[in-house]
$ cat entry-v3.csv   # CSV, C-alpha atoms and all ligand atoms
chain,number,residue,atom,x,y,z
A,1486,MET,CA,14.1,13.3,-9.6
A,1487,SER,CA,11.2,10.9,-9.9
A,1488,ARG,CA,7.8,11.7,-11.3
A,1489,PHE,CA,6.5,11.6,-7.7
A,1490,ASP,CA,9.1,14.1,-6.6
A,1491,LYS,CA,8.0,16.5,-9.3
A,1492,ILE,CA,4.2,16.3,-8.5
A,1493,ALA,CA,4.5,16.0,-4.7
A,1494,LYS,CA,3.4,19.5,-4.0
A,1495,GLU,CA,0.2,19.1,-6.1
A,1496,TRP,CA,-0.6,15.5,-5.0
A,1497,ASP,CA,-3.1,16.4,-2.3
A,1498,MET,CA,-5.0,18.9,-4.5
A,1499,SER,CA,-6.8,16.1,-6.3
A,1500,ASP,CA,-10.4,15.3,-5.2
A,1501,VAL,CA,-10.1,11.9,-6.9
A,1502,ARG,CA,-7.1,11.0,-4.7
A,1503,SER,CA,-8.7,12.2,-1.5
A,1504,GLU,CA,-11.9,10.4,-2.3
A,1505,LEU,CA,-10.0,7.2,-3.1
A,1506,SER,CA,-7.9,7.2,0.1
A,1507,LYS,CA,-11.1,7.9,2.1
A,1508,ASN,CA,-12.8,4.9,0.6
A,1509,ILE,CA,-9.8,2.6,0.9
A,1510,ALA,CA,-9.5,3.6,4.6
A,1511,LYS,CA,-13.2,3.0,5.1
A,1512,THR,CA,-13.0,-0.5,3.6
A,1513,LEU,CA,-9.8,-1.2,5.5
A,1514,ILE,CA,-11.3,-0.2,8.9
A,1515,LYS,CA,-14.4,-2.4,8.2
A,1516,ASN,CA,-12.3,-5.4,7.3
A,1517,VAL,CA,-9.3,-5.3,9.6
A,1518,ALA,CA,-9.4,-5.2,13.5
A,1519,LEU,CA,-7.1,-2.2,14.2
A,1520,ASP,CA,-6.2,-1.3,17.7
A,1521,ARG,CA,-4.4,1.6,19.4
A,1522,SER,CA,-1.4,-0.5,20.5
A,1523,MET,CA,-0.5,-1.3,16.9
A,1524,SER,CA,2.7,-0.3,15.1
A,1525,ILE,CA,2.1,-0.4,11.3
A,1526,MET,CA,3.9,0.4,8.1
A,1527,ASP,CA,2.4,2.3,5.2
A,1528,PHE,CA,4.2,1.2,2.1
A,1529,GLY,CA,4.4,3.8,-0.6
A,1530,ALA,CA,2.9,6.2,1.9
A,1531,GLY,CA,3.5,9.3,-0.4
A,1532,THR,CA,2.1,12.4,1.2
A,1533,GLY,CA,0.3,10.4,3.9
A,1534,LEU,CA,-3.3,10.4,2.4
A,1535,LEU,CA,-4.0,6.9,3.7
A,1536,THR,CA,-1.8,7.2,6.8
A,1537,SER,CA,-3.8,10.2,8.0
A,1538,HIS,CA,-6.9,8.0,8.3
A,1539,MET,CA,-5.1,5.8,10.8
A,1540,LEU,CA,-4.7,8.6,13.3
A,1541,GLY,CA,-6.4,7.6,16.6
A,1542,ARG,CA,-6.8,4.0,15.3
A,1543,VAL,CA,-3.2,2.7,15.7
A,1544,ALA,CA,-0.3,3.8,17.9
A,1545,LYS,CA,2.2,4.7,15.1
A,1546,VAL,CA,3.0,4.5,11.4
A,1547,ALA,CA,6.3,3.9,9.7
A,1548,ALA,CA,5.8,5.7,6.3
A,1549,VAL,CA,8.0,4.1,3.7
A,1550,ASP,CA,8.6,5.7,0.3
A,1551,ILE,CA,11.4,6.1,-2.2
A,1552,SER,CA,10.3,9.7,-3.0
A,1553,ALA,CA,11.8,12.3,-0.8
A,1554,GLY,CA,9.5,14.9,-2.3
A,1555,MET,CA,6.3,12.9,-1.3
A,1556,LEU,CA,7.6,12.2,2.2
A,1557,ASN,CA,8.6,15.9,2.6
A,1558,GLU,CA,4.9,16.8,2.1
A,1559,LEU,CA,3.9,14.2,4.7
A,1560,SER,CA,6.5,15.6,7.2
A,1561,GLN,CA,5.0,19.0,6.9
A,1562,LYS,CA,1.6,17.9,8.2
A,1563,ASP,CA,1.5,19.0,11.9
A,1564,GLU,CA,-1.1,16.5,12.9
A,1565,LEU,CA,1.1,13.6,11.7
A,1566,LYS,CA,4.4,14.7,13.3
A,1567,GLU,CA,4.2,12.6,16.6
A,1568,PHE,CA,2.4,9.8,14.9
A,1569,VAL,CA,4.5,9.0,11.8
A,1570,THR,CA,8.2,8.2,11.2
A,1571,PRO,CA,9.2,8.6,7.6
A,1572,TYR,CA,11.7,6.2,5.9
A,1573,CYS,CA,13.0,7.2,2.5
A,1574,GLN,CA,14.4,3.9,1.4
A,1575,ASN,CA,13.8,0.9,-0.8
A,1576,ILE,CA,12.9,-1.9,1.6
A,1577,ILE,CA,13.7,-4.5,-1.0
A,1578,HIS,CA,17.3,-3.6,-0.7
A,1579,GLU,CA,17.5,-2.4,2.9
A,1580,ARG,CA,14.9,-3.7,5.3
A,1581,LEU,CA,13.6,-1.8,8.4
A,1582,LYS,CA,14.8,-3.0,11.8
A,1583,ASP,CA,11.3,-3.3,13.2
A,1584,ASP,CA,8.6,-5.9,12.7
A,1585,PHE,CA,5.0,-4.7,12.4
A,1586,ASP,CA,1.5,-5.6,13.5
A,1587,GLY,CA,0.3,-4.7,10.0
A,1588,ILE,CA,1.2,-3.2,6.7
A,1589,ILE,CA,-1.1,-0.9,4.7
A,1590,SER,CA,-0.6,0.3,1.2
A,1591,ALA,CA,-2.5,2.3,-1.4
A,1592,MET,CA,-1.8,2.4,-5.1
A,1593,ALA,CA,2.0,1.6,-4.8
A,1594,LEU,CA,2.2,-2.1,-5.7
A,1595,HIS,CA,1.9,-1.4,-9.5
A,1596,HIS,CA,5.0,0.9,-9.2
A,1597,VAL,CA,7.2,-2.0,-8.0
A,1598,GLU,CA,8.7,-4.2,-10.7
A,1599,ASP,CA,9.1,-7.4,-8.8
A,1600,THR,CA,5.8,-8.3,-7.2
A,1601,ASP,CA,6.9,-11.6,-5.7
A,1602,GLU,CA,9.9,-10.0,-4.0
A,1603,ILE,CA,8.0,-7.1,-2.4
A,1604,LEU,CA,5.3,-9.4,-1.1
A,1605,ARG,CA,8.0,-11.6,0.4
A,1606,VAL,CA,9.5,-8.4,2.0
A,1607,PHE,CA,6.1,-7.5,3.4
A,1608,TYR,CA,5.9,-11.0,4.9
A,1609,GLU,CA,9.3,-10.7,6.5
A,1610,HIS,CA,8.4,-7.3,8.1
A,1611,LEU,CA,5.3,-8.7,9.8
A,1612,LYS,CA,4.9,-10.3,13.2
A,1613,ASP,CA,3.1,-13.7,13.3
A,1614,GLY,CA,-0.5,-13.0,12.6
A,1615,GLY,CA,0.3,-9.5,11.3
A,1616,PHE,CA,-2.0,-8.2,8.6
A,1617,LEU,CA,-1.4,-6.9,5.1
A,1618,ALA,CA,-4.1,-4.6,3.8
A,1619,LEU,CA,-3.2,-3.4,0.3
A,1620,ALA,CA,-5.2,-1.5,-2.3
A,1621,ASP,CA,-4.4,-1.3,-6.0
A,1622,LEU,CA,-6.0,-1.5,-9.4
A,1623,ASP,CA,-7.6,-4.5,-10.9
A,1624,ARG,CA,-6.1,-5.5,-14.2
A,1625,GLU,CA,-6.6,-2.6,-16.6
A,1626,ASP,CA,-5.7,-1.9,-20.3
A,1627,GLY,CA,-3.0,0.7,-19.7
A,1628,THR,CA,-5.2,3.7,-19.9
A,1629,PHE,CA,-5.4,4.5,-16.2
A,1630,HIS,CA,-2.3,6.7,-16.0
A,1631,ALA,CA,-2.9,9.7,-18.3
A,1632,HIS,CA,0.9,10.6,-18.1
A,1633,GLY,CA,2.0,7.7,-20.2
A,1634,ASN,CA,2.9,5.0,-17.7
A,1635,ASP,CA,6.3,6.3,-16.6
A,1636,GLY,CA,7.3,4.2,-13.6
A,1637,VAL,CA,4.3,1.9,-14.0
A,1638,PHE,CA,5.4,-1.7,-14.0
A,1639,HIS,CA,2.0,-3.4,-13.9
A,1640,PHE,CA,-1.4,-2.5,-15.5
A,1641,GLY,CA,-3.2,-3.5,-12.4
A,1642,PHE,CA,-3.4,-7.1,-11.0
A,1643,ASP,CA,-5.3,-10.3,-11.5
A,1644,ARG,CA,-6.8,-11.1,-8.0
A,1645,ASP,CA,-6.5,-14.9,-8.4
A,1646,ALA,CA,-2.8,-14.6,-9.5
A,1647,LEU,CA,-2.1,-12.4,-6.5
A,1648,HIS,CA,-3.9,-14.8,-4.2
A,1649,VAL,CA,-1.6,-17.7,-5.3
A,1650,LYS,CA,1.5,-15.6,-4.8
A,1651,LEU,CA,0.4,-14.6,-1.3
A,1652,LYS,CA,-0.5,-18.2,-0.3
A,1653,ASN,CA,2.8,-19.5,-1.6
A,1654,ILE,CA,4.7,-17.0,0.6
A,1655,GLY,CA,2.8,-18.0,3.7
A,1656,PHE,CA,-0.1,-15.6,4.0
A,1657,LYS,CA,-3.5,-17.0,5.1
A,1658,GLU,CA,-7.1,-15.8,5.2
A,1659,ILE,CA,-6.6,-14.0,1.9
A,1660,ASN,CA,-9.6,-11.9,0.9
A,1661,PHE,CA,-10.3,-9.4,-1.8
A,1662,THR,CA,-13.0,-6.8,-1.9
A,1663,THR,CA,-13.7,-3.8,-4.1
A,1664,ALA,CA,-12.9,-0.7,-2.2
A,1665,TYR,CA,-13.8,1.9,-4.8
A,1666,THR,CA,-14.2,2.5,-8.5
A,1667,ILE,CA,-12.6,5.4,-10.3
A,1668,LYS,CA,-14.7,6.6,-13.2
A,1669,LYS,CA,-12.7,8.7,-15.6
A,1670,ASP,CA,-15.4,9.1,-18.2
A,1671,ASP,CA,-18.5,7.3,-19.5
A,1672,LYS,CA,-16.4,4.5,-21.0
A,1673,ASN,CA,-13.5,4.0,-18.6
A,1674,SER,CA,-13.9,2.9,-15.0
A,1675,TYR,CA,-11.2,1.3,-12.9
A,1676,PRO,CA,-12.1,-0.8,-9.9
A,1677,ILE,CA,-9.7,-0.7,-6.9
A,1678,PHE,CA,-9.4,-3.8,-4.7
A,1679,LEU,CA,-8.4,-4.0,-1.1
A,1680,LEU,CA,-6.7,-7.3,-0.3
A,1681,THR,CA,-6.4,-8.5,3.3
A,1682,ALA,CA,-4.2,-11.3,4.4
A,1683,TYR,CA,-2.4,-12.5,7.5
A,1684,ALA,CA,1.2,-13.7,8.0
A,1685,ASP,CA,1.2,-17.3,9.2
A,1686,LYS,CA,4.7,-17.7,10.6
A,1687,ILE,CA,4.1,-20.5,13.1
A,1688,SER,CA,2.7,-23.1,10.6
A,1689,GLN,CA,5.3,-22.0,8.1
A,1690,SER,CA,8.2,-22.7,10.5
A,1691,ILE,CA,6.6,-26.1,11.5
A,1692,SER,CA,6.2,-27.2,7.9
A,1693,SER,CA,9.7,-26.2,7.0
A,1694,LYS,CA,11.2,-28.4,9.8
B,1701,LIG,C1,0.4,6.4,-6.6
B,1701,LIG,S1,1.4,6.9,-5.3
B,1701,LIG,C2,0.4,6.6,-3.9
B,1701,LIG,C3,0.8,7.4,-2.7
B,1701,LIG,C4,-0.2,7.2,-1.5
B,1701,LIG,N1,-0.2,5.8,-1.0
B,1701,LIG,C5,-1.6,7.7,-1.8
B,1701,LIG,O1,-2.5,6.8,-1.9
B,1701,LIG,O2,-1.8,8.9,-2.0
B,1701,LIG,C6,2.6,5.6,-5.2
B,1701,LIG,C7,3.7,5.9,-4.2
B,1701,LIG,O3,4.6,4.7,-4.2
B,1701,LIG,C8,5.9,5.1,-4.1
B,1701,LIG,N2,6.8,4.1,-4.5
B,1701,LIG,C9,7.0,3.6,-5.7
B,1701,LIG,N3,7.9,2.6,-5.7
B,1701,LIG,C10,8.2,2.4,-4.4
B,1701,LIG,C11,9.1,1.5,-3.7
B,1701,LIG,N4,9.9,0.6,-4.4
B,1701,LIG,N5,9.2,1.6,-2.4
B,1701,LIG,C12,8.5,2.5,-1.7
B,1701,LIG,N6,7.7,3.4,-2.3
B,1701,LIG,C13,7.5,3.3,-3.6
B,1701,LIG,C14,6.0,6.4,-4.9
B,1701,LIG,O4,7.1,7.2,-4.6
B,1701,LIG,C15,4.6,7.1,-4.6
B,1701,LIG,O5,4.8,7.9,-3.5

$ encode --input "entry-v3.csv" --output "structure tokens"
Amino acid sequence: MSRFDKIAKEWDMSDVRSELSKNIAKTLIKNVALDRSMSIMDFGAGTGLLTSHMLGRVAKVAAVDISAGMLNELSQKDELKEFVTPYCQNIIHERLKDDFDGIISAMALHHVEDTDEILRVFYEHLKDGGFLALADLDREDGTFHAHGNDGVFHFGFDRDALHVKLKNIGFKEINFTTAYTIKKDDKNSYPIFLLTAYADKISQSISSK
């Protein structure tokens, strides 16, 4: 049982998490042109905190997570039943059959060991021109997770380094903005970026010929 399985039932009780997902969603909606015909993936969807802000803005969401406990909480939310399809699987090892108009993600990237591989997998799951809108921690000193960093592979990310990785994979129009800052006490505050980028599949296929 993962740490997320163990804390799934209490996940939504945190005001910090609900405030964070609200602000990530607000920034995402401001920066990405969503429309009601879109089929998107929420990577590391958890209990659906970010997904729920997509209701009425896109057609449907594939909620991907490796924690059955977190997805079980999501599945119990009546308002999401028709809107969301949960997938409890590791898409690095087993990809989904569909391609998506967009991928959203909040605070999941630092839990995935191989950043290059998961970014490549995101690219593969996008249609040409599909968007990636991903929020995570800026580089931090390892003090963000009070529980001792179990399951944490990265202490946040350097924006420039992520930019290079995305560009090398074939993303274009890569932008970063600060979506929210979590203040734990007077000394420690943790900015959260939202990166937006678009899959450029046509130029990639021309340049590889
Ligand atoms: C910090 S939680 C964020 C959950 C949700 N996005 C939110 O903002 O409340 C990170 C989530 O990523 C999931 N996760 C970790 N590694 C994953 C992987 N390789 N594939 C899919 N989900 C993963 C965890 O199970 C957990 O639900």

$ residues_around --input "entry-v3.csv" --residues "A:Leu1619" --least-positions-apart "4" --cutoff "12 Å" --atoms "all atoms listed in the file" --output "MDAnalysis selection string"
chainID A and resid 1506 1509:1510 1512:1513 1516:1517 1526:1530 1535 1587:1595 1604 1607 1642 1644 1647 1651 1659:1664 1677:1683

$ atom_distance --input "entry-v3.csv" --atom1 "atom C12 of ligand LIG 1701 (chain B)" --atom2 "atom CA of A:Asn1634"
17.1 Å

$ atom_distance --input "entry-v3.csv" --atom1 "atom N4 of ligand LIG 1701 (chain B)" --atom2 "atom CA of A:Lys1669"
26.5 Å

$ residues_near_ligand --input "entry-v3.csv" --ligand "ligand LIG 1701 (chain B)" --cutoff "9 Å" --atoms "only C-alpha atoms and all ligand atoms" --output "JSON, numbers by chain"
{"A": [1487, 1488, 1489, 1490, 1493, 1496, 1497, 1502, 1503, 1505, 1506, 1509, 1527, 1528, 1529, 1530, 1531, 1532, 1533, 1534, 1535, 1536, 1549, 1550, 1551, 1552, 1553, 1554, 1555, 1556, 1573, 1574, 1575, 1576, 1577, 1589, 1590, 1591, 1592, 1593, 1594, 1595, 1596, 1597, 1598, 1603, 1620, 1636, 1637]}

$ atom_distance --input "entry-v3.csv" --atom1 "atom CA of A:Asp1645" --atom2 "atom CA of A:Leu1617"
16.5 Å

$ closest_residue --input "entry-v3.csv" --among "A:Ala1618, A:Ile1691, A:Ile1514, A:Ile1667" --to "A:Val1501" --atoms "all atoms listed in the file"
A:Ile1667

$ residues_around --input "entry-v3.csv" --residues "A:Glu1609" --least-positions-apart "4" --cutoff "12 Å" --atoms "all atoms listed in the file" --output "MDAnalysis selection string"
chainID A and resid 1576:1577 1580:1588 1602:1605 1613:1617 1654:1656 1683:1686

$ closest_residue --input "entry-v3.csv" --among "A:Lys1672, A:His1632, A:Lys1657, A:His1639" --to "A:Ser1688" --atoms "all atoms listed in the file"
A:Lys1657

$ closest_residue --input "entry-v3.csv" --among "A:His1538, A:His1578, A:Lys1668, A:Lys1507" --to "A:Glu1564" --atoms "only C-alpha atoms"
A:His1538

$ closest_residue --input "entry-v3.csv" --among "A:Glu1558, A:Asp1601, A:Asp1671, A:Glu1625" --to "A:His1648" --atoms "all atoms listed in the file"
A:Asp1601
